[in-house]
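The structure file data-v2.cif is reproduced below (mmCIF, C-alpha atoms).
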```cif
data_target
loop_
_atom_site.label_atom_id
_atom_site.label_comp_id
_atom_site.auth_asym_id
_atom_site.auth_seq_id
_atom_site.Cartn_x
_atom_site.Cartn_y
_atom_site.Cartn_z
CA MET A 765 -72.10 9.09 -58.30
CA LEU A 766 -75.42 10.44 -57.02
CA LEU A 767 -75.67 11.85 -53.49
CA LYS A 768 -78.03 9.01 -52.61
CA GLU A 769 -75.29 6.48 -53.36
CA LYS A 770 -72.68 8.50 -51.49
CA LEU A 771 -74.99 8.69 -48.46
CA ASP A 772 -75.48 4.93 -48.50
CA GLN A 773 -71.71 4.51 -48.39
CA LEU A 774 -71.36 6.97 -45.52
CA LYS A 775 -74.08 5.23 -43.52
CA HIS A 776 -72.10 2.01 -43.67
CA ALA A 777 -68.78 3.67 -42.89
CA HIS A 778 -67.42 3.11 -39.38
CA VAL A 779 -64.19 3.82 -37.57
CA GLN A 780 -62.66 1.95 -34.67
CA LYS A 781 -61.61 3.65 -31.45
CA PRO A 782 -59.59 5.73 -30.90
CA ASP A 783 -60.29 7.08 -34.43
CA LYS A 784 -63.11 9.58 -34.93
CA VAL A 785 -64.93 11.39 -37.72
CA PHE A 786 -64.96 15.13 -38.36
CA THR A 787 -68.19 16.43 -39.97
CA LEU A 788 -68.38 19.99 -41.26
CA TYR A 789 -71.40 21.88 -42.57
CA LEU A 790 -70.35 25.36 -43.64
CA ASN A 791 -72.47 28.28 -44.85
CA THR A 792 -70.39 30.03 -47.54
CA ASP A 793 -73.25 31.91 -49.19
CA ARG A 794 -71.99 35.32 -50.31
CA ARG A 795 -75.57 36.40 -50.91
CA ASP A 796 -76.08 36.20 -47.15
CA ALA A 797 -75.23 39.61 -45.70
CA ASP A 798 -73.44 37.92 -42.80
CA ARG A 799 -71.21 35.92 -45.16
CA GLN A 800 -70.16 38.55 -47.71
CA ASN A 801 -66.85 39.30 -46.00
CA GLY A 802 -65.81 35.72 -45.40
CA GLU A 803 -67.28 35.40 -41.92
CA TRP A 804 -67.39 31.63 -42.45
CA LYS A 805 -63.61 31.64 -41.99
CA ILE A 806 -63.99 33.14 -38.51
CA GLN A 807 -66.71 30.62 -37.59
CA LEU A 808 -64.55 27.76 -38.79
CA LYS A 809 -61.48 29.03 -36.94
CA ASN A 810 -63.50 29.34 -33.73
CA GLY A 811 -64.94 25.87 -34.18
CA PHE A 812 -61.51 24.34 -34.71
CA ARG A 813 -60.18 26.14 -31.61
CA ASN A 814 -63.07 24.95 -29.43
CA PHE A 815 -62.35 21.31 -30.28
CA GLU A 816 -58.62 21.80 -29.66
CA GLU A 817 -59.20 23.40 -26.26
CA TYR A 818 -61.57 20.62 -25.24
CA LEU A 819 -59.12 17.89 -26.25
CA LYS A 820 -56.24 19.62 -24.51
CA GLN A 821 -58.28 19.90 -21.32
CA SER A 822 -59.20 16.21 -21.53
CA ASP A 823 -55.47 15.44 -21.75
CA ASN A 824 -56.03 12.93 -24.54
CA LYS A 825 -52.86 13.38 -26.57
CA GLU A 826 -53.60 10.56 -29.01
CA GLU A 827 -57.03 11.93 -29.90
CA LEU A 828 -55.62 15.47 -30.16
CA GLU A 829 -53.02 14.24 -32.65
CA LYS A 830 -55.67 12.52 -34.72
CA TYR A 831 -57.84 15.63 -34.65
CA GLU A 832 -54.93 17.86 -35.72
CA LYS A 833 -54.25 15.51 -38.63
CA VAL A 834 -57.86 15.75 -39.85
CA LYS A 835 -57.97 19.48 -39.29
CA GLU A 836 -54.90 19.98 -41.47
CA LYS A 837 -56.38 17.86 -44.25
CA VAL A 838 -59.68 19.76 -44.13
CA GLN A 839 -57.90 23.13 -44.08
CA ASP A 840 -55.77 22.14 -47.08
CA GLU A 841 -58.92 21.21 -49.01
CA LEU A 842 -60.57 24.51 -48.09
CA ASN A 843 -57.52 26.42 -49.30
CA ARG A 844 -57.68 24.48 -52.57
CA ILE A 845 -61.37 25.10 -53.31
CA GLU A 846 -61.91 28.45 -51.61
CA ASN A 847 -62.32 30.37 -54.88
CA ASP A 848 -64.87 27.85 -56.14
CA LEU A 849 -67.16 27.75 -53.13
CA LYS A 850 -70.86 28.35 -53.74
CA ARG A 851 -73.56 28.64 -51.07
CA GLY A 852 -72.65 25.71 -48.86
CA LEU A 853 -70.02 23.06 -48.18
CA VAL A 854 -70.05 19.66 -46.52
CA ILE A 855 -66.84 17.83 -45.57
CA ILE A 856 -66.67 14.51 -43.73
CA ALA A 857 -63.25 13.08 -42.86
CA SER A 858 -62.09 10.30 -40.57
CA SER A 859 -58.80 10.25 -38.69
CA ASP A 860 -57.96 6.84 -40.18
CA ASP A 861 -58.27 8.26 -43.73
CA GLN A 862 -61.00 5.75 -44.63
CA ILE A 863 -63.69 8.41 -44.97
CA TRP A 864 -63.24 11.46 -47.20
CA PHE A 865 -66.33 13.23 -48.53
CA VAL A 866 -66.48 16.74 -50.00
CA GLU A 867 -69.69 18.20 -51.44
CA ARG A 868 -70.26 21.80 -52.48
CA THR A 869 -73.88 22.92 -52.65
CA GLN A 870 -75.74 25.60 -54.55
CA VAL A 871 -78.23 25.77 -51.69
CA PRO A 872 -77.66 27.14 -48.16
CA VAL A 873 -76.56 25.03 -45.20
CA GLU A 874 -76.35 25.88 -41.50
CA THR A 875 -72.79 25.96 -40.14
CA ASN A 876 -72.05 23.12 -37.71
CA LEU A 877 -68.94 21.14 -36.76
CA TYR A 878 -68.83 17.66 -35.19
CA TRP A 879 -66.06 15.42 -33.87
CA GLU A 880 -67.82 12.13 -33.22
CA GLU A 881 -67.44 8.37 -33.56
CA GLU A 882 -69.50 8.34 -36.77
CA PRO A 883 -70.51 10.78 -39.56
CA GLN A 884 -73.30 13.20 -38.68
CA LEU A 885 -75.60 12.82 -41.67
CA GLU A 886 -78.95 14.25 -40.58
CA ALA A 887 -78.42 17.65 -42.24
CA LEU A 888 -77.05 16.01 -45.39
CA GLU A 889 -80.06 13.71 -45.61
CA LYS A 890 -82.34 16.74 -45.27
CA LEU A 891 -80.46 18.47 -48.11
CA LYS A 892 -80.94 15.40 -50.27
CA SER A 893 -84.64 15.35 -49.41
CA ASP A 894 -85.14 19.08 -50.04
CA TYR A 895 -83.00 19.25 -53.22
CA PRO A 896 -83.10 15.77 -54.77
CA ASN A 897 -81.83 14.50 -58.10
CA THR A 898 -84.21 16.42 -60.38
CA GLY A 899 -85.04 16.42 -64.06
CA ILE A 900 -86.23 19.71 -65.56
CA ILE A 901 -87.87 19.43 -68.99
CA LEU A 902 -88.32 22.65 -70.95
CA VAL A 903 -90.58 22.29 -73.98
CA HIS A 904 -91.21 24.87 -76.71
CA HIS A 905 -92.83 23.78 -79.99
CA ASP A 906 -90.35 21.35 -81.59
CA TYR A 907 -87.59 21.98 -79.05
CA VAL A 908 -86.94 20.29 -75.70
CA ARG A 909 -84.16 21.13 -73.24
CA ILE A 910 -83.43 18.73 -70.39
CA LEU A 911 -81.57 19.84 -67.26
CA GLU A 912 -80.53 17.56 -64.43
CA THR A 913 -79.75 19.03 -61.01
CA GLU A 914 -78.72 17.87 -57.57
CA LEU A 915 -78.26 20.12 -54.52
CA GLY A 916 -79.05 23.02 -56.85
CA PHE A 917 -76.15 22.23 -59.20
CA LEU A 918 -76.53 21.51 -62.90
CA THR A 919 -75.19 17.99 -63.47
CA LYS A 920 -76.21 17.50 -67.12
CA SER A 921 -77.77 19.51 -69.94
CA GLU A 922 -79.17 18.25 -73.25
CA GLU A 923 -81.16 19.83 -76.05
CA TYR A 924 -83.34 18.17 -78.66
CA ALA A 925 -84.94 19.57 -81.81
CA TRP A 926 -87.29 17.73 -84.13
CA ASP A 927 -85.52 16.95 -87.41
CA PRO A 928 -88.18 16.94 -90.20
CA ASP A 929 -85.83 15.25 -92.65
CA GLU A 930 -85.12 12.29 -90.36
CA ASP A 931 -88.58 12.47 -88.77
CA ASN A 932 -86.99 12.07 -85.36
CA TRP A 933 -85.62 14.03 -82.41
CA LYS A 934 -82.01 15.16 -82.88
CA ILE A 935 -79.83 15.77 -79.82
CA TYR A 936 -77.49 18.71 -79.32
CA GLU A 937 -75.23 18.30 -76.28
CA GLY A 938 -73.16 20.93 -74.51
CA THR A 939 -75.37 23.92 -75.33
CA THR A 940 -75.99 26.66 -72.79
CA GLY A 941 -79.67 27.36 -73.26
CA ASN A 942 -79.05 30.84 -74.66
CA GLU A 943 -80.48 30.09 -78.09
CA ASN A 944 -83.45 28.20 -79.40
CA ILE A 945 -81.87 25.79 -81.87
CA SER A 946 -85.12 25.42 -83.80
CA GLY A 947 -85.73 29.12 -84.35
CA ASN A 948 -84.04 29.70 -87.72
CA GLY A 949 -85.63 30.50 -91.08
CA SER A 950 -87.86 33.25 -92.47
CA THR A 951 -91.13 34.24 -90.84
CA ALA A 952 -93.15 32.59 -93.63
CA GLN A 953 -91.14 29.38 -93.39
CA ARG A 954 -91.51 29.39 -89.63
CA GLU A 955 -95.29 29.82 -89.83
CA LEU A 956 -95.57 26.90 -92.24
CA TYR A 957 -93.38 24.84 -89.98
CA GLU A 958 -95.46 25.74 -86.89
CA ASP A 959 -98.59 24.58 -88.72
CA ARG A 960 -96.87 21.26 -89.27
CA ILE A 961 -95.82 21.16 -85.62
CA LYS A 962 -99.40 21.56 -84.46
CA ALA A 963 -100.59 18.84 -86.81
CA ASN A 964 -97.92 16.37 -85.69
CA ARG A 965 -97.23 17.49 -82.12
CA GLU A 966 -98.94 14.61 -80.35
CA ARG A 967 -96.94 12.04 -82.32
CA TRP A 968 -93.70 13.96 -81.77
CA TYR A 969 -94.36 14.49 -78.07
CA LYS A 970 -95.30 10.85 -77.62
CA SER A 971 -91.88 9.91 -78.99
CA MET A 972 -90.18 12.39 -76.66
CA ALA A 973 -92.25 11.24 -73.66
CA ALA A 974 -90.92 7.71 -74.12
CA LYS A 975 -87.34 9.05 -74.15
CA LEU A 976 -88.00 11.07 -71.01
CA ASP A 977 -89.53 8.15 -69.10
CA LYS A 978 -86.45 6.10 -69.93
CA LYS A 979 -84.10 8.89 -68.81
CA ALA A 980 -86.03 9.38 -65.58
CA LYS A 981 -85.65 5.68 -64.75
CA ASN A 982 -82.03 5.28 -65.82
CA ARG A 983 -80.84 8.50 -64.18
CA GLN A 984 -82.94 8.01 -61.04
CA TRP A 985 -84.79 11.31 -61.15
CA GLU A 986 -86.57 11.77 -57.84
CA LYS A 987 -88.45 14.86 -58.95
CA ILE A 988 -89.50 16.09 -62.41
CA TYR A 989 -90.60 19.49 -63.70
CA VAL A 990 -92.14 20.01 -67.15
CA ALA A 991 -92.17 23.70 -68.06
CA GLY A 992 -93.29 25.64 -71.12
CA GLU A 993 -96.40 27.19 -72.62
CA LYS A 994 -99.22 25.64 -70.61
CA GLU A 995 -100.79 23.70 -73.49
CA GLU A 996 -97.49 22.23 -74.66
CA ALA A 997 -96.16 21.42 -71.18
CA SER A 998 -99.45 19.80 -70.17
CA GLU A 999 -99.62 17.74 -73.37
CA LEU A 1000 -96.08 16.38 -72.94
CA ASN A 1001 -96.69 15.69 -69.26
CA GLU A 1002 -99.86 13.70 -70.00
CA LEU A 1003 -97.96 11.50 -72.43
CA MET A 1004 -95.31 10.63 -69.84
CA ASN A 1005 -95.71 7.76 -67.40
CA LYS A 1006 -93.63 9.44 -64.69
CA GLU A 1007 -95.31 11.83 -62.30
CA SER A 1008 -94.15 15.42 -62.75
CA ILE A 1009 -94.91 19.02 -61.82
CA VAL A 1010 -96.20 21.18 -64.69
CA VAL A 1011 -95.07 24.82 -64.76
CA GLY A 1012 -96.88 26.99 -67.30
CA LYS A 1013 -93.97 29.28 -68.15
CA ASN A 1014 -91.71 29.47 -71.20
CA TYR A 1015 -88.03 29.26 -70.20
CA SER A 1016 -86.62 28.72 -73.71
CA ASP A 1017 -84.74 32.04 -73.65
CA LYS A 1018 -83.34 31.52 -70.13
CA ARG A 1019 -79.88 30.23 -69.22
CA ASP A 1020 -79.59 26.93 -67.39
CA ASP A 1021 -78.64 28.61 -64.10
CA GLU A 1022 -81.61 31.01 -64.35
CA VAL A 1023 -84.00 28.10 -64.83
CA ILE A 1024 -82.57 26.20 -61.87
CA GLU A 1025 -82.65 29.31 -59.69
CA SER A 1026 -86.32 29.82 -60.55
CA LEU A 1027 -87.50 26.24 -60.12
CA VAL A 1028 -85.17 24.53 -57.67
CA SER A 1029 -82.91 26.78 -55.56
#
```
Please rewrite the model in this file as structure tokens.
Amino acid sequence: MLLKEKLDQLKHAHVQKPDKVFTLYLNTDRRDADRQNGEWKIQLKNGFRNFEEYLKQSDNKEELEKYEKVKEKVQDELNRIENDLKRGLVIIASSDDQIWFVERTQVPVETNLYWEEEPQLEALEKLKSDYPNTGIILVHHDYVRILETELGFLTKSEEYAWDPDEDNWKIYEGTTGNENISGNGSTAQRELYEDRIKANRERWYKSMAAKLDKKAKNRQWEKIYVAGEKEEASELNELMNKESIVVGKNYSDKRDDEVIESLVS
């Protein structure tokens, strides 16, 4: 489920008094000098303690019990995923167990804790706006790699190469972007093949552009990058109906995470 759909669900989620909702935004970015030694644990511990002290002072035993229940559930989840944390974490949990949302991010978040009558979604909506569901199209001669990302995470990767025997694009799924699948053969064979590519490129790219427009619609891409040698990227972009950002740089030898880091994160 896309973050957009999850947000829509959270916006319509409500609890009845005396239940409340705990919202956590946690900066776990080890690249941040202030987070390299697990300082987020100290911030979280202090935040938990502040809520506990406030509730004890208010002498609301029922609410304190509900808060302790949510705190334990959140802490258990953190213990479970601690070794797989990236740059940020969002957890939203209600004391009636009707709301449970966990989202790790590959982009930074600012640490904040809330204990309110409804989810605090402003920061999450900003993350969605800043790092939307994005399609990244890497084109190089007769080879196209498609990456999908959300919140800086790779959600899907596909590779296509033009098959001259079938006169169609052939898909290779599950590849890592470390190799160009169309780069085999002798130098002479490759030169002959590149001559054919140039002669037929518009027809081939027109076929791929139609596939990409369909993917963009079906997968609800909110932002699109087309990257590659400037001439090739611009040609493919012009054949697409969807608006995209053209990046004149060849990423065919880059890993998926390197591409995302360069273009999105």
Response to the item:
Counting only C-alpha atoms, the residue among A:Ser1029, A:Gln984, A:Ser971, A:Asn1005 that lies closest to Trp933 in chain A is A:Ser971
Using all atoms of range 808-825 of chain A listed in the file and a margin of 3 Å per side, can you give the axis-aligned box centre and edge lengths in Å to one decimal, as lines of an AutoDock Vina configuration file?
```
center_x = -58.9
center_y = 21.1
center_z = -30.1
size_x = 18.1
size_y = 22.4
size_z = 23.5
```
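Nearest residue to Leu902 in chain A among A:Arg1019, A:Lys770, A:His776, A:Lys1006 is A:Arg1019, counting only C-alpha atoms.
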Item to complete: Determine the nearest neighbour of Tyr1015 in chain A from the options A:Lys978, A:Arg967, A:Glu930, A:Tyr907, counting all atoms listed in the file.
Response: A:Tyr907
Practice prompt. Would you kindly return, as a list in words, each protein, DNA or RNA residue with an atom no farther than 9 Å from any atom of Arg983 in chain A, considering all atoms listed in the file and excluding same-chain residues fewer than 4 positions away?
Written response: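 Selected residues are Asn897, Gly899, Lys978 and Lys979 of chain A.
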Put those residues in a file: C-alpha atoms, as a CSV table (one decimal), in the coordinates of the input.
```csv
chain,number,residue,atom,x,y,z
A,897,ASN,CA,-81.8,14.5,-58.1
A,899,GLY,CA,-85.0,16.4,-64.1
A,978,LYS,CA,-86.4,6.1,-69.9
A,979,LYS,CA,-84.1,8.9,-68.8
```
Worksheet entry | Spatial neighbours of Glu832 in chain A, 12 Å, all atoms listed in the file, chain gap at least 3 places, as a ChimeraX atom specification | /A:784,786,812-813,815-817,819-820,825-829,835-839,857-859,879
The PyMOL selection byres ((chain A and resi 871) around 6) applied to the shown file, residues as an mmCIF file with C-alpha atoms, in the coordinates of the input:
```cif
data_model
loop_
_atom_site.group_PDB
_atom_site.id
_atom_site.type_symbol
_atom_site.label_atom_id
_atom_site.label_comp_id
_atom_site.auth_asym_id
_atom_site.auth_seq_id
_atom_site.Cartn_x
_atom_site.Cartn_y
_atom_site.Cartn_z
ATOM 1 C CA ARG A 851 -73.560 28.640 -51.070
ATOM 2 C CA THR A 869 -73.880 22.920 -52.650
ATOM 3 C CA GLN A 870 -75.740 25.600 -54.550
ATOM 4 C CA PRO A 872 -77.660 27.140 -48.160
ATOM 5 C CA GLY A 916 -79.050 23.020 -56.850
#
```
Practice prompt. Evaluate the PyMOL selection byres ((chain A and resi 793) around 7) here and jot the selected residues down as an MDAnalysis selection string.
Written response: chainID A and resid 791:792 794:796 799 850:852 872
Discussion item. If I take CA of Val785 in chain A and CA of Leu877 in chain A, how far is one from the other in Å, to one decimal?
Written reply: 10.6 Å
